[in-house]
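See below for the structure under consideration.
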Amino acid sequence: MSKNISDIIVITDLDNTLLTAKGGIPQYNVDMIGKFQSLGGRFTVATGRNVEAVKVLLSQISLNAPAITYNGGVLYDYRHNRILSKKILPESAKEVLKTVMHYFPKVGCEVMADNFRTYLINANDYTYNHLTDEKLSYVVTDIDSVKNGWIKILFADRQQNLLKMRDFCKTLKCDDLDFIMTADTYFEIMPKGVSKGAALYDLCKRCGIPKNNTIVVGDYYNDIEILQNAGLSVCVANAPEEIKNICQIVVPSCTDGGVGHLLAQLIENFS
């Protein structure tokens, strides 16, 4: 890894890594991000949140490198407000969704489209919490009425119900789709091969930074690939043991400003 702070990029997950839905971003994280960037370091996020949900956070922090959003579905440049790359679900996803909702009619469901809108297909308490926590505007509609390109499908419910759904999806013949648990209460359908980990390569290419100069911070199973692809893998102390076991560094928990502690150490190392 480079010894020049301007030659590295720190990429962090959002939920339960940089921030919590209820508590927001710890002030220590905000302060250290600003200091790290003022010294020339590049900082951005890799998240399942959509472009608009990330934009809400920019009143507290700035991103001086493109962000990985929609779990890798969109690489977005917030400095110039433009999409750098976008991956769309195949048409087969609509029929898969209809099948899944037939067998799991009470599970909450949202479709996130390439017009940055969220379409609420089926509501429950979990979708209400998701839309409220991320301050998302949404359109209540049915599956066939969503005409824009679909970036991902999000299901929200109790973990035990989503695990049953995951097992059901494994029985479907869907070679062009990926199914992944992204939190205890979220399960997603993504285009095949689209992930935070895959998007990291595109980010490095566009920033002119070798992969070895990337530092990635995560906390959950959907972060595994990007953590494994990073030059330095880091997780917060509240991550599951399986995540800790694959990371080179464990920092304090999200609520204790773990990302800020990492940045403070980097600042000291590069001083």
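Residues in the structure tokens are named by chain (A, B, ... in the order shown) and by number from 1 within that chain; ligands are numbered from 1 in the order shown.
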
- Pick out the residues sitting within 10 Å of Met112 (chain A), and hand them over as a list in words; count only C-alpha atoms, and ignore anything fewer than 6 positions along from it in its own chain.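 Skipping anything fewer than 6 positions along the chain leaves Arg49, Asn50, Tyr70, Thr118, Tyr119, Leu120, Tyr138, Val146, Asn148, Gly149, Trp150, Ile151, Lys152, Ile153 and Leu154 of chain A.
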
- Message: List as number ranges by chain the protein and nucleic acid residues near region 217-230 of chain A, meaning an atom at most 10 Å away when only C-alpha atoms are counted, but skip any in the same chain fewer than 3 places from it.
- Response: A: 10-18, 45-48, 71, 180-184, 195-201, 210-214, 233-244, 246-251, 253-254, 258-259, 262

- Choose the residue, out of A:Phe187, A:Tyr76, A:Val30, A:Asp175, that has the smallest atom-to-atom separation from Gln159 (chain A); count only C-alpha atoms.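 That would be A:Phe187, the residue with the smallest distance to Gln159 (chain A).
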
- Message: Taking the DSSP secondary structure from the backbone, can you list the residues of region 98-183 of chain A that are strand (DSSP E), as number ranges by chain?
- Response: A: 108-113, 118-122, 138-140, 150-156, 177-183

- Query: Where does DSSP see alpha helix (DSSP H) in region 36-182 of chain A, if you list the residues as a VMD selection string?
  - Reply: chain A and resid 36 to 38 51 to 55 92 to 103 125 to 133 159 to 169

- Message: Which residues are close to Leu266 (chain A), i.e. within 12 Å by only C-alpha atoms, leaving aside same-chain residues fewer than 2 positions away? Reply as JSON, numbers by chain.
- Response: {"A": [1, 2, 3, 4, 5, 6, 8, 9, 10, 32, 33, 35, 36, 37, 39, 40, 41, 42, 215, 232, 259, 260, 261, 262, 263, 264, 268, 269, 270, 271]}

- Pick out the residues sitting within 7 Å of Met190 (chain A), and hand them over as a count of residues only; count only C-alpha atoms, and ignore anything fewer than 3 positions along from it in its own chain. 7

- Query: To one decimal place, how far is CA of Asp114 (chain A) from CA of Leu57 (chain A) in Å?
  - Reply: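 Taking CA of Asp114 (chain A) and CA of Leu57 (chain A), their separation equals 20.1 Å.
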
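Between CA of Val100 (chain A) and CA of Gln160 (chain A) the separation is 15.5 Å.
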
- Message: Here is a test: counting only C-alpha atoms, which residue of A:Val96, A:Leu63, A:Leu131, A:Val140 is nearest to Thr171 (chain A)?
- Response: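 Nearest candidate to Thr171 (chain A) out of A:Val96, A:Leu63, A:Leu131, A:Val140: A:Val96.
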
- Query: With distances taken over only C-alpha atoms, which of A:Ala123, A:Val107, A:Ser137, A:Ser145 is nearest to Leu163 (chain A)?
  - Reply: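 Of the candidates, the smallest distance to Leu163 (chain A) is held by A:Val107.
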
- Message: Report, in Å to a single decimal, how far apart CA of Thr69 (chain A) and CA of Thr44 (chain A) are.
- Response: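 Atom-to-atom, CA of Thr44 (chain A) and CA of Thr69 (chain A) are spaced 10.5 Å apart.
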
- Between A:Cys204, A:Val56, A:Cys169, A:Leu75, which one has atoms that come closest to Leu97 (chain A), using only C-alpha atoms?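 Of all the options, A:Cys169 lies closest to Leu97 (chain A).
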